[in-house]
>>> print(open('entry.pdb').read())   # PDB, C-alpha atoms and all ligand atoms
MODEL        1
ATOM      1  CA  MET A  15      63.603 123.815  -1.817
ATOM      2  CA  ASN A  16      61.045 125.959  -3.610
ATOM      3  CA  HIS A  17      57.541 125.330  -2.250
ATOM      4  CA  PRO A  18      54.599 126.576  -4.353
ATOM      5  CA  SER A  19      51.544 127.812  -2.444
ATOM      6  CA  SER A  20      49.241 126.240  -4.995
ATOM      7  CA  ILE A  21      49.316 124.039  -8.075
ATOM      8  CA  ARG A  22      46.826 123.061 -10.805
ATOM      9  CA  ILE A  23      46.169 119.450 -11.629
ATOM     10  CA  CYS A  24      44.762 118.175 -14.917
ATOM     11  CA  GLU A  25      43.025 114.823 -14.518
ATOM     12  CA  VAL A  26      44.083 112.674 -17.494
ATOM     13  CA  GLY A  27      42.772 109.242 -16.453
ATOM     14  CA  LEU A  28      39.873 109.374 -18.891
ATOM     15  CA  ARG A  29      42.320 109.715 -21.776
ATOM     16  CA  ASP A  30      45.815 108.456 -20.927
ATOM     17  CA  GLY A  31      44.378 105.878 -18.530
ATOM     18  CA  LEU A  32      41.398 104.461 -20.351
ATOM     19  CA  GLN A  33      43.127 104.320 -23.745
ATOM     20  CA  ASN A  34      45.183 101.405 -22.424
ATOM     21  CA  GLU A  35      42.279  99.454 -20.952
ATOM     22  CA  ALA A  36      40.693  96.330 -22.400
ATOM     23  CA  ALA A  37      37.305  97.450 -21.046
ATOM     24  CA  ILE A  38      35.677 100.214 -23.082
ATOM     25  CA  LEU A  39      33.589 102.556 -20.957
ATOM     26  CA  THR A  40      30.263 103.794 -22.264
ATOM     27  CA  THR A  41      29.474 107.453 -22.825
ATOM     28  CA  ASP A  42      27.239 107.390 -19.714
ATOM     29  CA  GLN A  43      29.998 105.907 -17.547
ATOM     30  CA  LYS A  44      32.465 108.548 -18.745
ATOM     31  CA  VAL A  45      29.998 111.393 -18.254
ATOM     32  CA  THR A  46      29.343 110.187 -14.695
ATOM     33  CA  ILE A  47      33.106 110.210 -14.033
ATOM     34  CA  VAL A  48      33.547 113.714 -15.487
ATOM     35  CA  ARG A  49      30.718 115.027 -13.306
ATOM     36  CA  ALA A  50      32.278 113.389 -10.228
ATOM     37  CA  LEU A  51      35.642 114.984 -11.092
ATOM     38  CA  VAL A  52      34.042 118.408 -11.476
ATOM     39  CA  ASP A  53      32.274 117.885  -8.136
ATOM     40  CA  ALA A  54      35.655 117.038  -6.557
ATOM     41  CA  GLY A  55      36.992 120.405  -7.747
ATOM     42  CA  PHE A  56      38.912 119.728 -10.952
ATOM     43  CA  LYS A  57      39.105 122.734 -13.288
ATOM     44  CA  VAL A  58      41.075 121.006 -16.060
ATOM     45  CA  ILE A  59      40.092 117.552 -17.309
ATOM     46  CA  GLU A  60      41.411 115.679 -20.333
ATOM     47  CA  VAL A  61      38.208 113.917 -21.379
ATOM     48  CA  GLY A  62      39.506 111.871 -24.287
ATOM     49  CA  SER A  63      41.089 112.071 -27.693
ATOM     50  CA  PHE A  64      40.041 112.466 -31.301
ATOM     51  CA  MET A  65      42.307 109.753 -32.642
ATOM     52  CA  HIS A  66      41.185 107.317 -35.305
ATOM     53  CA  PRO A  67      38.378 105.212 -33.736
ATOM     54  CA  VAL A  68      39.781 101.991 -35.206
ATOM     55  CA  LYS A  69      43.235 102.660 -33.773
ATOM     56  CA  VAL A  70      41.990 103.754 -30.331
ATOM     57  CA  PRO A  71      38.474 102.309 -29.889
ATOM     58  CA  GLN A  72      38.465 103.224 -26.184
ATOM     59  CA  MET A  73      38.303 106.893 -27.227
ATOM     60  CA  ALA A  74      35.781 106.554 -30.076
ATOM     61  CA  ASN A  75      32.980 108.056 -27.954
ATOM     62  CA  THR A  76      34.904 111.194 -26.933
ATOM     63  CA  ASP A  77      32.699 113.359 -29.207
ATOM     64  CA  ASP A  78      29.544 112.008 -27.512
ATOM     65  CA  VAL A  79      31.037 112.524 -24.051
ATOM     66  CA  VAL A  80      31.853 116.168 -24.814
ATOM     67  CA  LYS A  81      28.398 116.754 -26.301
ATOM     68  CA  ALA A  82      26.648 115.133 -23.323
ATOM     69  CA  ILE A  83      28.560 117.219 -20.790
ATOM     70  CA  GLY A  84      28.244 120.528 -22.607
ATOM     71  CA  GLU A  85      30.046 123.570 -21.289
ATOM     72  CA  ILE A  86      30.732 123.852 -17.572
ATOM     73  CA  PRO A  87      31.693 127.409 -16.586
ATOM     74  CA  GLY A  88      35.229 127.620 -15.225
ATOM     75  CA  VAL A  89      36.095 124.059 -16.250
ATOM     76  CA  GLU A  90      38.377 123.300 -19.193
ATOM     77  CA  LEU A  91      37.632 120.012 -20.945
ATOM     78  CA  ARG A  92      40.508 119.198 -23.240
ATOM     79  CA  ALA A  93      41.041 116.485 -25.839
ATOM     80  CA  LEU A  94      44.201 115.141 -27.437
ATOM     81  CA  ILE A  95      44.226 115.425 -31.242
ATOM     82  CA  PRO A  96      46.542 113.995 -33.936
ATOM     83  CA  ASN A  97      46.155 116.800 -36.510
ATOM     84  CA  LYS A  98      43.582 119.107 -38.140
ATOM     85  CA  ARG A  99      40.995 116.312 -38.348
ATOM     86  CA  GLY A 100      40.925 116.446 -34.561
ATOM     87  CA  VAL A 101      40.124 120.156 -34.689
ATOM     88  CA  ASP A 102      37.243 119.423 -37.069
ATOM     89  CA  ARG A 103      35.825 116.906 -34.594
ATOM     90  CA  ALA A 104      36.290 119.371 -31.730
ATOM     91  CA  ILE A 105      34.330 122.000 -33.661
ATOM     92  CA  ALA A 106      31.548 119.504 -34.420
ATOM     93  CA  CYS A 107      31.055 118.390 -30.816
ATOM     94  CA  GLY A 108      31.724 121.719 -29.070
ATOM     95  CA  CYS A 109      35.106 120.915 -27.481
ATOM     96  CA  LYS A 110      36.902 124.181 -26.632
ATOM     97  CA  LYS A 111      40.421 122.936 -25.930
ATOM     98  CA  VAL A 112      42.688 120.609 -27.888
ATOM     99  CA  LYS A 113      46.256 119.377 -27.483
ATOM    100  CA  LEU A 114      48.679 118.232 -30.175
ATOM    101  CA  ASN A 115      51.540 115.831 -29.556
ATOM    102  CA  VAL A 116      54.958 115.130 -30.994
ATOM    103  CA  SER A 117      57.752 112.836 -29.854
ATOM    104  CA  ALA A 118      61.095 114.384 -28.955
ATOM    105  CA  SER A 119      62.683 111.100 -29.886
ATOM    106  CA  ARG A 120      63.899 111.822 -33.402
ATOM    107  CA  MET A 121      64.209 108.141 -34.206
ATOM    108  CA  HIS A 122      60.678 107.418 -32.969
ATOM    109  CA  ASN A 123      59.213 110.258 -35.005
ATOM    110  CA  ILE A 124      61.217 109.524 -38.157
ATOM    111  CA  LYS A 125      60.453 105.772 -37.991
ATOM    112  CA  ASN A 126      56.742 106.322 -37.415
ATOM    113  CA  LEU A 127      56.037 109.420 -39.462
ATOM    114  CA  ASN A 128      59.059 109.735 -41.713
ATOM    115  CA  ARG A 129      59.768 113.280 -40.570
ATOM    116  CA  THR A 130      61.636 115.095 -37.832
ATOM    117  CA  PRO A 131      59.732 116.318 -34.774
ATOM    118  CA  GLU A 132      60.156 119.917 -36.025
ATOM    119  CA  GLU A 133      58.650 118.996 -39.414
ATOM    120  CA  SER A 134      55.723 117.346 -37.599
ATOM    121  CA  VAL A 135      55.101 120.495 -35.556
ATOM    122  CA  ALA A 136      55.369 122.745 -38.636
ATOM    123  CA  GLY A 137      52.729 120.478 -40.218
ATOM    124  CA  PHE A 138      50.383 121.367 -37.342
ATOM    125  CA  LYS A 139      49.972 124.917 -38.709
ATOM    126  CA  ASP A 140      46.663 124.140 -40.445
ATOM    127  CA  ALA A 141      45.325 122.614 -37.198
ATOM    128  CA  CYS A 142      46.395 125.736 -35.273
ATOM    129  CA  ASP A 143      44.840 128.096 -37.827
ATOM    130  CA  ALA A 144      41.556 126.140 -37.875
ATOM    131  CA  ALA A 145      41.398 126.030 -34.075
ATOM    132  CA  ARG A 146      42.072 129.718 -33.723
ATOM    133  CA  GLU A 147      39.463 130.582 -36.342
ATOM    134  CA  ALA A 148      36.893 128.494 -34.433
ATOM    135  CA  GLY A 149      37.776 129.998 -31.048
ATOM    136  CA  ILE A 150      39.285 126.745 -29.771
ATOM    137  CA  ALA A 151      42.330 126.961 -27.521
ATOM    138  CA  ILE A 152      45.215 124.817 -28.680
ATOM    139  CA  SER A 153      48.249 123.540 -26.805
ATOM    140  CA  GLY A 154      51.111 121.207 -27.615
ATOM    141  CA  SER A 155      52.830 118.370 -25.863
ATOM    142  CA  ILE A 156      56.292 116.916 -26.258
ATOM    143  CA  SER A 157      56.658 113.211 -25.489
ATOM    144  CA  MET A 158      59.960 111.939 -24.103
ATOM    145  CA  PRO A 159      61.660 115.317 -23.595
ATOM    146  CA  PHE A 160      63.791 113.708 -20.890
ATOM    147  CA  ALA A 161      64.726 110.331 -22.371
ATOM    148  CA  SER A 162      63.561 107.719 -24.845
ATOM    149  CA  PRO A 163      64.082 103.956 -25.027
ATOM    150  CA  TRP A 164      65.751 104.411 -28.429
ATOM    151  CA  GLU A 165      68.228 107.200 -27.784
ATOM    152  CA  GLY A 166      68.572 107.513 -24.002
ATOM    153  CA  ARG A 167      68.765 111.058 -22.654
ATOM    154  CA  THR A 168      67.141 113.618 -24.934
ATOM    155  CA  PRO A 169      69.510 116.492 -25.802
ATOM    156  CA  VAL A 170      68.195 119.797 -24.419
ATOM    157  CA  SER A 171      68.819 121.391 -27.822
ATOM    158  CA  ASP A 172      66.297 118.957 -29.342
ATOM    159  CA  VAL A 173      63.670 120.011 -26.802
ATOM    160  CA  ASP A 174      64.445 123.674 -27.458
ATOM    161  CA  SER A 175      64.021 123.280 -31.177
ATOM    162  CA  ILE A 176      60.597 121.585 -30.768
ATOM    163  CA  ILE A 177      59.462 124.326 -28.368
ATOM    164  CA  GLU A 178      60.543 126.893 -30.967
ATOM    165  CA  ALA A 179      58.644 124.999 -33.680
ATOM    166  CA  TYR A 180      55.527 125.113 -31.503
ATOM    167  CA  MET A 181      56.027 128.842 -30.924
ATOM    168  CA  ASN A 182      56.364 129.331 -34.700
ATOM    169  CA  VAL A 183      52.830 127.988 -35.186
ATOM    170  CA  GLY A 184      51.549 130.136 -32.301
ATOM    171  CA  ILE A 185      51.449 127.568 -29.499
ATOM    172  CA  THR A 186      52.784 128.764 -26.143
ATOM    173  CA  GLU A 187      51.114 126.298 -23.758
ATOM    174  CA  ILE A 188      53.389 123.259 -23.758
ATOM    175  CA  SER A 189      53.329 119.965 -21.906
ATOM    176  CA  LEU A 190      56.524 118.037 -21.197
ATOM    177  CA  SER A 191      55.407 114.440 -21.136
ATOM    178  CA  ASP A 192      57.602 111.682 -19.729
ATOM    179  CA  ALA A 193      55.644 108.981 -21.531
ATOM    180  CA  SER A 194      58.483 106.459 -21.228
ATOM    181  CA  GLY A 195      58.781 106.976 -17.465
ATOM    182  CA  MET A 196      62.544 107.467 -17.776
ATOM    183  CA  ALA A 197      62.912 110.979 -16.311
ATOM    184  CA  VAL A 198      64.919 111.460 -13.123
ATOM    185  CA  PRO A 199      64.540 114.322 -10.625
ATOM    186  CA  TYR A 200      67.766 116.320 -11.063
ATOM    187  CA  GLN A 201      67.380 116.205 -14.836
ATOM    188  CA  VAL A 202      63.735 117.303 -14.498
ATOM    189  CA  ASN A 203      64.770 120.175 -12.256
ATOM    190  CA  GLU A 204      67.412 121.349 -14.731
ATOM    191  CA  LEU A 205      65.231 121.108 -17.839
ATOM    192  CA  CYS A 206      62.305 122.858 -16.114
ATOM    193  CA  ALA A 207      64.521 125.710 -14.925
ATOM    194  CA  HIS A 208      66.047 125.965 -18.396
ATOM    195  CA  VAL A 209      62.770 126.185 -20.353
ATOM    196  CA  ARG A 210      61.194 128.597 -17.872
ATOM    197  CA  GLU A 211      64.140 130.926 -18.175
ATOM    198  CA  LYS A 212      64.592 130.627 -21.937
ATOM    199  CA  TYR A 213      60.888 130.828 -22.891
ATOM    200  CA  PRO A 214      59.160 133.099 -20.363
ATOM    201  CA  GLN A 215      56.249 133.622 -22.782
ATOM    202  CA  CYS A 216      55.276 129.942 -22.464
ATOM    203  CA  THR A 217      53.164 128.185 -19.854
ATOM    204  CA  TRP A 218      54.054 124.621 -18.903
ATOM    205  CA  TRP A 219      52.471 121.351 -17.910
ATOM    206  CA  LEU A 220      54.438 118.382 -16.596
ATOM    207  CA  HIS A 221      53.238 114.851 -17.201
ATOM    208  CA  PHE A 222      54.946 111.982 -15.393
ATOM    209  CA  HIS A 223      54.449 108.248 -15.503
ATOM    210  CA  ASN A 224      55.417 106.268 -12.429
ATOM    211  CA  THR A 225      57.042 103.467 -14.398
ATOM    212  CA  ARG A 226      60.156 103.419 -12.236
ATOM    213  CA  GLY A 227      58.774 104.933  -9.017
ATOM    214  CA  LEU A 228      60.225 108.389  -9.646
ATOM    215  CA  ALA A 229      57.133 110.371 -10.592
ATOM    216  CA  ILE A 230      56.559 112.027  -7.194
ATOM    217  CA  GLY A 231      60.255 112.878  -7.004
ATOM    218  CA  ASN A 232      60.038 114.353 -10.484
ATOM    219  CA  ILE A 233      56.997 116.449  -9.518
ATOM    220  CA  LEU A 234      58.871 117.818  -6.490
ATOM    221  CA  ALA A 235      61.884 118.550  -8.679
ATOM    222  CA  ALA A 236      59.675 120.382 -11.184
ATOM    223  CA  MET A 237      57.980 122.351  -8.388
ATOM    224  CA  ASP A 238      61.395 123.343  -7.103
ATOM    225  CA  ALA A 239      62.102 124.812 -10.561
ATOM    226  CA  GLY A 240      58.879 126.832 -10.359
ATOM    227  CA  MET A 241      56.462 124.565 -12.248
ATOM    228  CA  THR A 242      52.862 124.603 -10.998
ATOM    229  CA  GLN A 243      50.792 122.587 -13.510
ATOM    230  CA  PHE A 244      50.747 118.791 -13.479
ATOM    231  CA  ASP A 245      48.850 115.969 -15.148
ATOM    232  CA  SER A 246      47.847 112.947 -13.092
ATOM    233  CA  SER A 247      45.497 110.032 -13.373
ATOM    234  CA  PHE A 248      42.955 108.868 -10.774
ATOM    235  CA  GLY A 249      43.836 105.426  -9.474
ATOM    236  CA  GLY A 250      47.181 105.704 -11.304
ATOM    237  CA  LEU A 251      45.525 104.507 -14.501
ATOM    238  CA  GLY A 252      47.630 104.365 -17.625
ATOM    239  CA  GLY A 253      49.668 101.197 -17.481
ATOM    240  CA  CYS A 254      48.723  98.449 -19.842
ATOM    241  CA  PRO A 255      47.588  95.512 -17.649
ATOM    242  CA  PHE A 256      48.939  93.022 -20.209
ATOM    243  CA  VAL A 257      52.467  94.424 -20.420
ATOM    244  CA  PRO A 258      54.683  93.289 -17.541
ATOM    245  CA  GLY A 259      56.307  96.223 -15.805
ATOM    246  CA  ALA A 260      54.193  98.878 -17.485
ATOM    247  CA  ALA A 261      52.976 101.461 -15.008
ATOM    248  CA  GLY A 262      50.524 104.280 -15.343
ATOM    249  CA  ASN A 263      50.512 107.980 -14.767
ATOM    250  CA  ILE A 264      51.286 109.163 -11.267
ATOM    251  CA  SER A 265      48.060 108.662  -9.345
ATOM    252  CA  THR A 266      46.033 111.803  -8.693
ATOM    253  CA  GLU A 267      45.360 110.873  -5.073
ATOM    254  CA  ASP A 268      49.111 110.393  -4.488
ATOM    255  CA  VAL A 269      49.774 113.933  -5.789
ATOM    256  CA  LEU A 270      46.863 115.330  -3.777
ATOM    257  CA  HIS A 271      48.149 113.602  -0.657
ATOM    258  CA  LEU A 272      51.595 115.108  -1.120
ATOM    259  CA  CYS A 273      49.957 118.532  -1.486
ATOM    260  CA  GLU A 274      47.690 117.984   1.543
ATOM    261  CA  GLU A 275      50.670 117.106   3.732
ATOM    262  CA  GLU A 276      52.858 119.930   2.387
ATOM    263  CA  GLY A 277      50.177 122.625   2.550
ATOM    264  CA  ILE A 278      50.014 123.148  -1.216
ATOM    265  CA  GLU A 279      46.581 124.311  -2.374
ATOM    266  CA  THR A 280      44.949 122.335  -5.217
ATOM    267  CA  GLY A 281      41.255 123.188  -4.839
ATOM    268  CA  ILE A 282      40.492 119.451  -5.106
ATOM    269  CA  ASP A 283      38.812 117.286  -2.470
ATOM    270  CA  ILE A 284      41.121 114.286  -1.990
ATOM    271  CA  LYS A 285      38.437 112.230  -0.236
ATOM    272  CA  LYS A 286      36.134 112.477  -3.242
ATOM    273  CA  VAL A 287      38.963 111.435  -5.567
ATOM    274  CA  ILE A 288      39.827 108.414  -3.381
ATOM    275  CA  GLU A 289      36.166 107.432  -3.418
ATOM    276  CA  LEU A 290      36.010 107.737  -7.213
ATOM    277  CA  SER A 291      39.262 105.817  -7.755
ATOM    278  CA  GLY A 292      37.889 103.100  -5.469
ATOM    279  CA  THR A 293      35.137 102.396  -8.015
ATOM    280  CA  LEU A 294      37.636 101.687 -10.814
ATOM    281  CA  PRO A 295      38.747  98.102 -10.028
ATOM    282  CA  ALA A 296      35.176  96.791 -10.398
ATOM    283  CA  MET A 297      34.658  98.845 -13.558
ATOM    284  CA  LEU A 298      37.938  97.776 -15.217
ATOM    285  CA  GLY A 299      38.430  94.308 -13.790
ATOM    286  CA  HIS A 300      41.898  94.763 -12.258
ATOM    287  CA  GLY A 301      43.733  96.366  -9.361
ATOM    288  CA  LEU A 302      45.326  99.816  -9.417
ATOM    289  CA  ASP A 303      48.737 101.324  -8.917
ATOM    290  CA  SER A 304      47.962 103.935  -6.271
ATOM    291  CA  TYR A 305      49.743 104.172  -2.924
ATOM    292  CA  ILE A 306      47.018 106.211  -1.251
ATOM    293  CA  LEU A 307      44.265 103.872  -2.399
ATOM    294  CA  ARG A 308      46.197 101.013  -0.754
ATOM    295  CA  ALA A 309      47.523 102.724   2.364
ATOM    296  CA  GLY A 310      45.130 105.626   2.984
ATOM    297  CA  ARG A 311      46.060 109.196   3.917
ATOM    298  CA  ASN A 312      48.313 110.141   6.831
ATOM    299  CA  LYS A 313      45.378 112.098   8.220
ATOM    300  CA  ASP A 314      43.141 109.007   8.242
ATOM    301  CA  LEU A 315      45.677 107.143  10.380
ATOM    302  CA  ILE A 316      45.927 109.970  12.864
ATOM    303  CA  ALA A 317      42.121 110.257  13.063
ATOM    304  CA  ALA A 318      41.789 106.491  13.641
ATOM    305  CA  LYS A 319      44.435 106.549  16.427
ATOM    306  CA  SER A 320      42.860 109.487  18.236
ATOM    307  CA  GLU A 321      39.435 107.794  18.241
ATOM    308  CA  LYS A 322      40.808 104.899  20.316
TER     309      LYS A 322
HETATM  310 ZN    ZN B 401      51.009 109.743 -20.580
ENDMDL
END
>>> encode(input="entry.pdb", output="structure tokens", more="lines below")
Ligand code: ZN
Amino acid sequence: MNHPSSIRICEVGLRDGLQNEAAILTTDQKVTIVRALVDAGFKVIEVGSFMHPVKVPQMANTDDVVKAIGEIPGVELRALIPNKRGVDRAIACGCKKVKLNVSASRMHNIKNLNRTPEESVAGFKDACDAAREAGIAISGSISMPFASPWEGRTPVSDVDSIIEAYMNVGITEISLSDASGMAVPYQVNELCAHVREKYPQCTWWLHFHNTRGLAIGNILAAMDAGMTQFDSSFGGLGGCPFVPGAAGNISTEDVLHLCEEEGIETGIDIKKVIELSGTLPAMLGHGLDSYILRAGRNKDLIAAKSEK
């Protein structure tokens, strides 16, 4: 199995996690978390989104969070945007990195937006032009590139045609986002190998939810295909606490623990992340879906045994 010497992790808990929470964190609380993440070593952090504040009130203070933090050299603070309006907000608050999203589920996209995923991406051209003009880096994500609850397995040709639509508007940094938590490792391995070979000019992020317990397996399968950039969420945030069976993103400390045990460099201090995730239950009012938070690291067990 292919074993990368290092990987990059983007912490997405502040966006993908908090957007599902009943509790709305204040700008100060979010800024404190971002600073703690930077202190732990994160170089890429998804701080929030510029969605409509009425639709996603948890993210309404993203502009203030970005303004309060300002620029941190060597750290990329990215925000999810729906369209060009998101770029306008990024310009206004000083955000230097934005990410667009489209669903690879044709039925989902057509039902919701009355257009195909490719038409949606083509419609992003004005957002891309505005971002480029303002010196803002722009990337794209594809939700459900592996499977969707409506159509089952996503045809690879559908994923290809969305990637090509992104490339047509000048986007070459693309995230494959298993938002439905339906991806399985061999499929992940095949799709990752396929897109890397077919689109060598692109860089990739993988984003897995642990809805069915397969996220770590999917990360390993993606690594085996040469992928080295992954999203994760501290404390495994991301599941809606009111929806039975919903689970969050793969927990950051679980990914870091895998890397610690396998000798894969991340540049992130796992102990600081565990400490930070440990503050979440009190802040959010519920428990978390994180193996390492529950069970601790292998290394902690060994240290405790050798002290006796
Ligand atoms: Zn997600």
>>> residues_near_point(input="entry.pdb", point="(40.3, 126.0, -28.5)", cutoff="6 Å", atoms="only C-alpha atoms", output="PyMOL selection string")
chain A and resi 110-112+145+149-152
>>> residues_near_ligand(input="entry.pdb", ligand="ligand ZN 401 (chain B)", cutoff="8 Å", atoms="all atoms listed in the file", output="PyMOL selection string")
chain A and resi 30-31+191-193+221-223+252+262-263
>>> resolve_selection(input="entry.pdb", expression="the PyMOL selection byres (((chain A and resi 276) around 12) and not hetatm)", output="ChimeraX atom specification")
/A:16-21,234,269-275,277-280,312
>>> closest_residue(input="entry.pdb", among="A:Ala104, A:Ala93, A:Ile230, A:Val198", to="Ala161 in chain A", atoms="only C-alpha atoms")
A:Val198
>>> resolve_selection(input="entry.pdb", expression="the PyMOL selection byres (((chain A and resi 286) around 12) and not hetatm)", output="PyMOL selection string")
chain A and resi 47+49-56+248+266-267+270+281-285+287-293+307
>>> atom_distance(input="entry.pdb", atom1="CA of Gly240 in chain A", atom2="CA of Glu187 in chain A")
15.5 Å
>>> axis_aligned_box(input="entry.pdb", around="range 35-41 of chain A", padding_each_side="3 Å", output="AutoDock Vina command-line options")
--center_x 35.9 --center_y 101.9 --center_z -22.0 --size_x 18.8 --size_y 17.1 --size_z 8.1
>>> closest_residue(input="entry.pdb", among="A:Ser189, A:Ser265, A:Asn224, A:Gln43", to="Met241 in chain A", atoms="all atoms listed in the file")
A:Ser189
>>> residues_around(input="entry.pdb", residues="Ala74 in chain A", least_positions_apart="3", cutoff="10 Å", atoms="all atoms listed in the file", output="VMD selection string")
chain A and resid 33 38 40 to 41 62 to 71 77 to 79
>>> closest_residue(input="entry.pdb", among="A:Lys44, A:Val202, A:Ala296, A:Gly84", to="Thr168 in chain A", atoms="all atoms listed in the file")
A:Val202
>>> residues_around(input="entry.pdb", residues="Ser155 in chain A", least_positions_apart="5", cutoff="12 Å", atoms="all atoms listed in the file", output="NGL selection string")
:A and (93-96 or 112-118 or 131 or 135 or 173 or 176-177 or 179-180 or 185-193 or 217-221 or 245)
>>> resolve_selection(input="entry.pdb", expression="the PyMOL selection byres (((chain A and resi 232) around 9) and not hetatm)", output="JSON, numbers by chain")
{"A": [197, 198, 199, 200, 201, 202, 203, 222, 228, 229, 230, 231, 233, 234, 235, 236, 237]}
>>> atom_distance(input="entry.pdb", atom1="CA of Gly27 in chain A", atom2="CA of Leu39 in chain A")
12.2 Å
>>> atom_distance(input="entry.pdb", atom1="CA of Ala207 in chain A", atom2="CA of Ile23 in chain A")
19.7 Å
>>> build_atoms(input="entry.pdb", residues="range 195-206 of chain A", atoms="N, CA and C atoms", output="mmCIF file, in the frame of the given file")
data_model
loop_
_atom_site.group_PDB
_atom_site.id
_atom_site.type_symbol
_atom_site.label_atom_id
_atom_site.label_comp_id
_atom_site.auth_asym_id
_atom_site.auth_seq_id
_atom_site.Cartn_x
_atom_site.Cartn_y
_atom_site.Cartn_z
ATOM 1 N N GLY A 195 58.493 107.165 -18.888
ATOM 2 C CA GLY A 195 58.781 106.976 -17.465
ATOM 3 C C GLY A 195 60.266 106.855 -17.173
ATOM 4 N N MET A 196 61.091 107.561 -17.935
ATOM 5 C CA MET A 196 62.544 107.467 -17.776
ATOM 6 C C MET A 196 63.179 108.710 -17.135
ATOM 7 N N ALA A 197 62.368 109.735 -16.868
ATOM 8 C CA ALA A 197 62.912 110.979 -16.311
ATOM 9 C C ALA A 197 63.395 110.762 -14.876
ATOM 10 N N VAL A 198 64.400 111.510 -14.500
ATOM 11 C CA VAL A 198 64.919 111.460 -13.123
ATOM 12 C C VAL A 198 64.965 112.886 -12.557
ATOM 13 N N PRO A 199 64.806 113.004 -11.211
ATOM 14 C CA PRO A 199 64.540 114.322 -10.625
ATOM 15 C C PRO A 199 65.547 115.440 -10.931
ATOM 16 N N TYR A 200 66.837 115.196 -10.839
ATOM 17 C CA TYR A 200 67.766 116.320 -11.063
ATOM 18 C C TYR A 200 67.694 116.807 -12.511
ATOM 19 N N GLN A 201 67.512 115.854 -13.416
ATOM 20 C CA GLN A 201 67.380 116.205 -14.836
ATOM 21 C C GLN A 201 66.101 117.030 -15.043
ATOM 22 N N VAL A 202 65.010 116.593 -14.395
ATOM 23 C CA VAL A 202 63.735 117.303 -14.498
ATOM 24 C C VAL A 202 63.901 118.739 -13.994
ATOM 25 N N ASN A 203 64.557 118.859 -12.851
ATOM 26 C CA ASN A 203 64.770 120.175 -12.256
ATOM 27 C C ASN A 203 65.538 121.083 -13.208
ATOM 28 N N GLU A 204 66.586 120.542 -13.819
ATOM 29 C CA GLU A 204 67.412 121.349 -14.731
ATOM 30 C C GLU A 204 66.656 121.747 -15.995
ATOM 31 N N LEU A 205 65.940 120.795 -16.595
ATOM 32 C CA LEU A 205 65.231 121.108 -17.839
ATOM 33 C C LEU A 205 64.099 122.114 -17.576
ATOM 34 N N CYS A 206 63.400 121.927 -16.445
ATOM 35 C CA CYS A 206 62.305 122.858 -16.114
ATOM 36 C C CYS A 206 62.849 124.273 -15.911
#
